[in-house]
Amino acid sequence: MYGLILAGGSGSRLWPLSRELYPKQLLNLQSEDSLLQNTYKRLSSLIDDDSIIALTGVKHVSSVKAQLSKLSSSVRVLSEPISRNTAPAIAVAVKNILDKGKDDVILVVPSDHLIKNTDKFISTVKKGEVLANKGYLVTFGVQPSYPETGYGYINVSDISVESGFKVNKFVEKPDYELAEKYFKSGKYFWNAGIFMFKASVFMEELKKNSPEIYSLLYKFDFTQSDEIKYLDFELMPNISIDYAVMEKSDKIALVKLESDWNDLGSWASIYDTEKKDENGNVLVGHVIDLESKNSLVYSSSKLCATIGLEDIVLIETEDAVLACRKDRTQDVKKVYDILKQQNDNTHLVHKTVFRPWGFYTVLAQGEGFLTKMIQVNPGQKLSVQSHNFRSEHWVVLKGTAKVVLEGKDYILSPGNSIDIPLKAIHSLQNPYKEPIQIIEVQLGDPLIEEDIIRYEDMYGRV
């Protein structure tokens with residue numbers, strides 16, 4: 001069996017904690033590990049490491065590689081050069097597997113789901129595997145526990161197939177009245193976005209139902225390389241796997257997901273999964289509350305004092321605060337979209353960004369300059385890299401820094417500084433026992449994180 005982890009989403013409904021360059025699947029929301037890492041661990045209890053593939057966008061590939069490299073040295077990561085939704089992404093990954101000479105069953109899972117009961121998840125997957133081997137495209141449905149308007153639904157017939165049901169139709173997110181009707185009927189499941197099929201069966205159904213995607217796949221040859229070429233992938237339509245294949249095929253079977261499940265798609269769902277205090281509140285971080293009820297208050301950096309709130313969500317980060325009624329958390333995406341339209345970086349990245357080597361905090365930025373405080377933890381180092389559009393000036397604040405610049409080593413103490421010219425090959429390293437902190441001043445245009453050419457990297461991001 002192969003496992004395909006879809007790790008390219010933006011997590012816009014969990015803004016301001018989730019950002020475009022560091023979305024929810026990379027966040028540690030429910031444990032010490034990220035949702036992505038927990039997804040990988042769940043699959044690795046069922047599938048060999050070298051048969052697990054993570055599929056993500058070019059903006060997230062470095063972070064995905066860094067997180068998964070902590071768990072295994074043999075995980076493969078495919079990088080989409082441009083976002084084209086789930087159908088082209090899955091199709092290219094299936095083509096990759098077939099080009100390696102494998103026609104195995106493939107389990108496709110999102111990277112941002114919360115599933116705690118791994119044993120029941122595995123037993124459900126094994127039921128799906130039986131149907132997949134018999135030529136079905138298997139989808140996994142969640143029995144609704146209330147009339148949710150934020151999920152798509154799947155309607156099943158009375159005809160059973162092995163341990164599943166034949167699917168009548170997929171239904172878009174309903175309004176509350178319709179969701180209540182679906183909930184009471186017992187014939188509708190939440191669409192968990194988890195799928196399973198044999199590679200060759202998927203290709204047959206893709207050819208029949210989405211010939212445009214199928215014909216474009218012949219431009220990709222993965223026998224020698226895993227590279228997904230931009231000019232070819234750009235031609236793909238922007239369409240989900242539901243629209244492209246699942247809603248059109250007559251080979252769909254649904255297996256009821258026996259484990260717990262939450263897609264953590266909104267702050268309301270985060271509230272639902274967290275332990276409450278005696279007043280029904282979830283209080284995270286530095287929070288002082290008086291007489292609030294059934295509310296979620298999350299503080300990441302500042303003291304949040306709340307009095308007499310009820311059914312409210314309040315989320316504080318370094319550079320943004322969200323406050324809304326708990327029943328309006330699906331609308332957070334609208335705020336995110338407005339920020340994106342306005343080119344406001346608050347949708348894009350946090351002021352403090354964590355990396356496998358430590359973290360950096362943006363202190364100030366303006367036209368042609370950007371200032372950061374960078375911390376490199378003991379025994380860690382940044383990649384050997386260069387920049388096409390910016391020069392850098394580093395001043396050591398704390399600790400002892402080893403700087404490799406154009407093949408020469410420099411040992412810098414607090415107060416020492418060094419210039420990193422445009423296009424110079426360099427690395428900041430900490431082989432010592434204490435963390436180091438530096439001030440970095442970038443000069444150039446554009447000043448973007450993507451302006452990094454990596455030559456060597458201990459976290460597998462090359």
# chains A, B, ... in the order shown; residues from 1 in each chain; ligands from 1
>>> residues_around(residues="Leu68 in chain A", least_positions_apart="5", cutoff="10 Å", atoms="only C-alpha atoms", output="list in words")
Ser34, Leu36, Gln37, Asn38, Tyr40, Lys41, Ala54, Ser63, Ser73, Ser74, Val75, Arg76, Val77, Tyr459 and Gly460 of chain A
>>> residues_around(residues="Glu291 in chain A", least_positions_apart="2", cutoff="9 Å", atoms="only C-alpha atoms", output="JSON, numbers by chain")
{"A": [279, 289, 293, 306, 307, 308, 309, 310]}
>>> write_last_selection(atoms="N, CA and C atoms", output="PDB file, in the first residue's frame")
ATOM      1  N   ASN A 279     -16.552  26.529  33.498  1.00  0.00           N
ATOM      2  CA  ASN A 279     -17.484  27.451  32.835  1.00  0.00           C
ATOM      3  C   ASN A 279     -17.600  27.204  31.330  1.00  0.00           C
ATOM      4  N   ASP A 289      -9.406  35.627  33.201  1.00  0.00           N
ATOM      5  CA  ASP A 289     -10.827  35.719  32.834  1.00  0.00           C
ATOM      6  C   ASP A 289     -11.697  35.868  34.071  1.00  0.00           C
ATOM      7  N   LYS A 293     -18.181  32.532  29.699  1.00  0.00           N
ATOM      8  CA  LYS A 293     -18.759  31.200  29.532  1.00  0.00           C
ATOM      9  C   LYS A 293     -18.625  30.740  28.078  1.00  0.00           C
ATOM     10  N   THR A 306     -10.224  39.028  29.976  1.00  0.00           N
ATOM     11  CA  THR A 306     -11.586  38.934  29.442  1.00  0.00           C
ATOM     12  C   THR A 306     -12.578  38.939  30.595  1.00  0.00           C
ATOM     13  N   ILE A 307     -13.715  39.620  30.387  1.00  0.00           N
ATOM     14  CA  ILE A 307     -14.735  39.742  31.427  1.00  0.00           C
ATOM     15  C   ILE A 307     -16.114  39.523  30.812  1.00  0.00           C
ATOM     16  N   GLY A 308     -16.833  38.536  31.326  1.00  0.00           N
ATOM     17  CA  GLY A 308     -18.231  38.352  30.976  1.00  0.00           C
ATOM     18  C   GLY A 308     -18.505  37.998  29.522  1.00  0.00           C
ATOM     19  N   LEU A 309     -17.550  37.378  28.838  1.00  0.00           N
ATOM     20  CA  LEU A 309     -17.794  36.951  27.458  1.00  0.00           C
ATOM     21  C   LEU A 309     -18.650  35.686  27.452  1.00  0.00           C
ATOM     22  N   GLU A 310     -19.385  35.488  26.363  1.00  0.00           N
ATOM     23  CA  GLU A 310     -20.174  34.267  26.208  1.00  0.00           C
ATOM     24  C   GLU A 310     -20.218  33.872  24.737  1.00  0.00           C
TER      25      GLU A 310
END
>>> residues_around(residues="Arg42 in chain A", least_positions_apart="5", cutoff="12 Å", atoms="only C-alpha atoms", output="count of residues only")
25
>>> select_by_dssp(residues="range 336-454 of chain A", states="strand (DSSP E)", output="PyMOL selection string")
chain A and resi 352-355+358-366+369-376+384-386+390-398+401-405+408-412+417-420+426-429+436-444+453-454
>>> residues_around(residues="Cys324 in chain A", least_positions_apart="4", cutoff="7 Å", atoms="only C-alpha atoms", output="list in words")
Ile312, Val313, Leu314, Arg328 and Thr329 of chain A
